[in-house]
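See structure below.
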Amino acid sequence: MTPPRAAWWLRLFRSRWFLAYALLLALSHLTIALVQPDFWGIDRPDPGEGREGKVTIPALTAFGAPSDSKRETITYLEFAPEMAPASSGPARLPVILLHGSPSSGGADFKTLAPALADAGRTVYAVDLPGFGRSSQWVSDYSIKANARCVLAMMDALNLNRAHVVGWSQGGGSALWAADLAPDRVASISLLGSIGVQEAEGSGSYHFEHTKYAVGWFLFVAIPEAMPHFGAAGPRHFRHAFIRNFLDSDQRELTPLMERLKTPTLILHGRHDFLVPAWAAELSHSLIAPSRLVILDSDHFFPMGGQKHIGALQQAAGMLNAHFARLQPELQPTAGYVTDARRWLAEDVGEGVLALALIGLGLPDGSGVEIVAEVARDFPDALPVVATIYDDDTHLFDSLAAGAQGYVLKHERPEDVAACLRRIEAGEPPLSPSIARRLLDRLRPPPAPKPKDDAGLSPRETEVLTLLARGMSAPEAAREIGLQPQTVAGYVKVIYQKLHVSSRAEAVLAAAERGLT
């Protein structure tokens, strides 16, 4: 009598092929545990000129510190300026760089960080939890939890305030840091950054998170059943990469950006295939104190390299100008037009000029000429007139030349100081009497005859009217029942038809058409 055949799974386990597979799998896990091979340099990236440091902080989640007393380590690369700034004013605020996902950590910024440190600032390129040499296994990898970790790192390093720069997924953490601690984040800069939920892949939160759950199974679980001997990358790296997306909720970023008051610079690649450029335009429309620059590059310009070095240098210059603009250093330089021109050409040259206080009644000419030259040759600078003249001729000649502020010397010293301090909040420095004169000049005559020479559609006219009444684009969208990105598109078309480039000009055009 023939004995019954064993079950298929029993025959499989007894086969030589399964035994060979099991042996290879065991050897693979043993090799990874003992040798920790790093074929891709993920755990040991090139730090460039950075000096590694680390701090220990409480284990944090998106909701704060849990009830237990767990601790975790945050590592960073510190890039110190070679020379201290010559100014005797307050120390320049440090810069904190936050990477995206997947990432080797702060080493991603080994080219950008020195370019920022050369401007006299200490730069910290952080390894966010789960990446680089920071704690590898944490309970929460979300962008909000990472923001709390960055603020805790600032506490450990005794950094009261800093400029925070986030690339890609790290941009979400930069936004949360500014929202959680607005007094400690002097500015944020978003490089190829994530933004609204609608710009994430399909745009659906539930579809994207289902995709990430499947991704965890494919990239984390399945490789553990394969004898890859480390070729699939470190397990903690694959886990952190997926969990960073899976634990985050971009739906919360839209209301965050609408209420954000922190000065923001948005730099985005025109050819970014991971986060489309329209997402940056929408973030710009949501964040009131923001400036948007579209670079001729892709998503990876912050890493530098031969392909991206031009865009990286351009971005570094804009970032340095952005930081300097928010913390200007005032130094008397010239009392004559000729001296001012010599100083601009020889001392400033190709460097960064953040703020220029310019008098009008100079011995050898008018300061209006210098205003025009600064506005032309240093587009990122803030030319501010400081004068005794409060008449319309001097005021409007200066504004026409490119002045972005007008301060009267005979105002009380504390009022002048307050005007200049408002620069950090992104507000133009104007003496109160000058601000009133501008409002009077811009106020339209009673019952003006509406104009429609720009060819605005009824819907575009409705959007312009709401903007003129002080609403933001998202508020206008809610008022008329449209999506924010749709209203942002209308705003772009309105700007084109009216031949304007700013909200202020659009509001003035609306006033001229009786739409306020």
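Order determines the names: the first chain of the structure tokens is A, the second B, and so forth; residues in each chain are numbered 1 upward, and ligands are numbered 1 upward as they are shown.
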
Item to complete: Just list the residues in segment 340-387 of chain A DSSP gives alpha helix (DSSP H) on the backbone, as a list in words.
Response: Ala340, Arg341, Arg342, Gly367, Val368, Glu369, Ile370, Val371, Ala372, Glu373, Val374, Ala375, Arg376 and Asp377 of chain A

Could you please take those selected residues and save N, CA, C and O atoms as a compact mmCIF listing (two decimals), in the first residue's frame?
```txt
# COMPACT_ATOMS: atom_id res chain seq x y z
N ALA A 340 28.72 107.36 -1.96
CA ALA A 340 27.75 106.26 -1.94
C ALA A 340 27.94 105.36 -3.15
O ALA A 340 27.91 104.13 -3.04
N ARG A 341 28.15 105.97 -4.32
CA ARG A 341 28.35 105.15 -5.52
C ARG A 341 29.63 104.34 -5.42
O ARG A 341 29.69 103.17 -5.82
N ARG A 342 30.69 104.95 -4.88
CA ARG A 342 31.96 104.23 -4.72
C ARG A 342 31.79 103.06 -3.75
O ARG A 342 32.28 101.96 -3.97
N GLY A 367 19.66 112.23 -3.17
CA GLY A 367 19.67 110.82 -2.80
C GLY A 367 18.72 109.99 -3.63
O GLY A 367 18.81 108.75 -3.63
N VAL A 368 17.79 110.63 -4.36
CA VAL A 368 16.88 109.88 -5.23
C VAL A 368 17.68 109.08 -6.26
O VAL A 368 17.30 107.97 -6.64
N GLU A 369 18.80 109.64 -6.71
CA GLU A 369 19.65 108.92 -7.67
C GLU A 369 20.17 107.61 -7.05
O GLU A 369 20.23 106.58 -7.71
N ILE A 370 20.57 107.68 -5.78
CA ILE A 370 21.08 106.49 -5.11
C ILE A 370 19.96 105.48 -4.89
O ILE A 370 20.17 104.26 -5.02
N VAL A 371 18.77 105.97 -4.56
CA VAL A 371 17.61 105.07 -4.42
C VAL A 371 17.42 104.28 -5.71
O VAL A 371 17.25 103.05 -5.69
N ALA A 372 17.44 104.97 -6.85
CA ALA A 372 17.23 104.31 -8.13
C ALA A 372 18.32 103.29 -8.42
O ALA A 372 18.06 102.19 -8.93
N GLU A 373 19.59 103.63 -8.08
CA GLU A 373 20.69 102.72 -8.36
C GLU A 373 20.64 101.48 -7.46
O GLU A 373 20.93 100.37 -7.90
N VAL A 374 20.27 101.67 -6.20
CA VAL A 374 20.14 100.51 -5.30
C VAL A 374 19.01 99.61 -5.78
O VAL A 374 19.14 98.39 -5.83
N ALA A 375 17.85 100.21 -6.15
CA ALA A 375 16.71 99.42 -6.61
C ALA A 375 17.05 98.66 -7.88
O ALA A 375 16.60 97.52 -8.09
N ARG A 376 17.89 99.26 -8.74
CA ARG A 376 18.25 98.62 -10.01
C ARG A 376 19.31 97.54 -9.83
O ARG A 376 19.19 96.44 -10.37
N ASP A 377 20.36 97.83 -9.07
CA ASP A 377 21.52 96.93 -8.99
C ASP A 377 21.43 95.91 -7.87
O ASP A 377 22.15 94.91 -7.89
```

Rows by chain and residue number, segment 85-201 of chain A within 8 Å of segment 280-295 of chain A, shortest pair, only C-alpha atoms, as JSON lines:
```
{"residue": "A:Gly192", "atom": "CA", "partner": "A:Ala280", "partner_atom": "CA", "distance": 7.7}
{"residue": "A:Ser193", "atom": "CA", "partner": "A:Ala280", "partner_atom": "CA", "distance": 7.5}
{"residue": "A:Gly195", "atom": "CA", "partner": "A:Ser283", "partner_atom": "CA", "distance": 6.2}
{"residue": "A:Val196", "atom": "CA", "partner": "A:Ser283", "partner_atom": "CA", "distance": 7.2}
```

Worksheet item: Taking the backbone alone, and naming residues the way the document does, which bits of segment 247-469 of chain A are strand (DSSP E) by DSSP, as a PyMOL selection string?
Response: chain A and resi 264-269+290-295+355-358+361-362+365-366+382-387+405-408

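You can rank A:Met471, A:Ala232, A:Val348, A:Leu24 by their closest distance to Leu218 of chain A using only C-alpha atoms, and at the top of that list sits A:Ala232.
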
Item to complete: Rank nothing, just name the residue among A:Gln404, A:Gly230, A:Gly120, A:Ala115 nearest to Met318 of chain A, using only C-alpha atoms.
Response: A:Ala115

Can you tell me, as a PDB file with all heavy atoms, in the first residue's frame, what residues are no more than 10 Å from Leu180 of chain A when counting only C-alpha atoms, ignoring any on the same chain fewer than 6 positions away?
```
ATOM      1  N   LYS A 144       4.924  67.103  12.048  1.00  0.00           N
ATOM      2  CA  LYS A 144       4.638  67.902  13.243  1.00  0.00           C
ATOM      3  C   LYS A 144       5.499  67.450  14.418  1.00  0.00           C
ATOM      4  O   LYS A 144       6.043  68.276  15.161  1.00  0.00           O
ATOM      5  CB  LYS A 144       3.159  67.803  13.608  1.00  0.00           C
ATOM      6  CG  LYS A 144       2.742  68.752  14.721  1.00  0.00           C
ATOM      7  CD  LYS A 144       1.239  68.716  14.943  1.00  0.00           C
ATOM      8  CE  LYS A 144       0.811  69.696  16.027  1.00  0.00           C
ATOM      9  NZ  LYS A 144      -0.671  69.667  16.241  1.00  0.00           N
ATOM     10  N   ALA A 147       8.899  68.808  13.932  1.00  0.00           N
ATOM     11  CA  ALA A 147       8.975  70.229  14.296  1.00  0.00           C
ATOM     12  C   ALA A 147       9.195  70.377  15.794  1.00  0.00           C
ATOM     13  O   ALA A 147       9.996  71.210  16.241  1.00  0.00           O
ATOM     14  CB  ALA A 147       7.699  70.949  13.868  1.00  0.00           C
ATOM     15  N   ARG A 148       8.494  69.592  16.599  1.00  0.00           N
ATOM     16  CA  ARG A 148       8.691  69.655  18.048  1.00  0.00           C
ATOM     17  C   ARG A 148      10.107  69.242  18.425  1.00  0.00           C
ATOM     18  O   ARG A 148      10.711  69.810  19.342  1.00  0.00           O
ATOM     19  CB  ARG A 148       7.663  68.764  18.745  1.00  0.00           C
ATOM     20  CG  ARG A 148       6.226  69.269  18.631  1.00  0.00           C
ATOM     21  CD  ARG A 148       5.292  68.500  19.548  1.00  0.00           C
ATOM     22  NE  ARG A 148       3.916  68.926  19.393  1.00  0.00           N
ATOM     23  CZ  ARG A 148       3.368  69.974  20.001  1.00  0.00           C
ATOM     24  NH1 ARG A 148       4.120  70.715  20.808  1.00  0.00           N
ATOM     25  NH2 ARG A 148       2.107  70.290  19.820  1.00  0.00           N
ATOM     26  N   LEU A 151      12.452  72.188  17.787  1.00  0.00           N
ATOM     27  CA  LEU A 151      12.336  73.201  18.839  1.00  0.00           C
ATOM     28  C   LEU A 151      13.012  72.726  20.131  1.00  0.00           C
ATOM     29  O   LEU A 151      13.647  73.518  20.836  1.00  0.00           O
ATOM     30  CB  LEU A 151      10.864  73.517  19.096  1.00  0.00           C
ATOM     31  CG  LEU A 151      10.114  74.181  17.917  1.00  0.00           C
ATOM     32  CD1 LEU A 151       8.627  74.258  18.203  1.00  0.00           C
ATOM     33  CD2 LEU A 151      10.673  75.571  17.633  1.00  0.00           C
ATOM     34  N   ALA A 174       9.099  72.750   8.869  1.00  0.00           N
ATOM     35  CA  ALA A 174       9.386  74.181   9.026  1.00  0.00           C
ATOM     36  C   ALA A 174       8.092  74.964   9.263  1.00  0.00           C
ATOM     37  O   ALA A 174       8.034  75.856  10.119  1.00  0.00           O
ATOM     38  CB  ALA A 174      10.122  74.711   7.797  1.00  0.00           C
TER      39      ALA A 174
END
```

Fill in: segment 100-109 of chain A surroundings by only C-alpha atoms, 8 Å radius, close-in-sequence under 3 positions cut, as number ranges by chain
A: 42-43, 45-48, 76-77, 97, 112-113, 125-128, 131-133, 166-171, 237, 240-241, 244, 302-303

Worksheet item: Quick one: of A:Gln496, A:Ala386, A:Leu93, A:Arg469, who's nearest to Leu430 of chain A, counting only C-alpha atoms?
Response: A:Ala386

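Of the residues under consideration (A:Val138, A:Val185, A:Leu190, A:Leu360), A:Leu360 shows the shortest atom-to-atom contact distance to Tyr336 of chain A when counting only C-alpha atoms.
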
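For the pair atom CA of Asp179 of chain A and atom CA of Ile74 of chain A, the separation is 21.2 Å.
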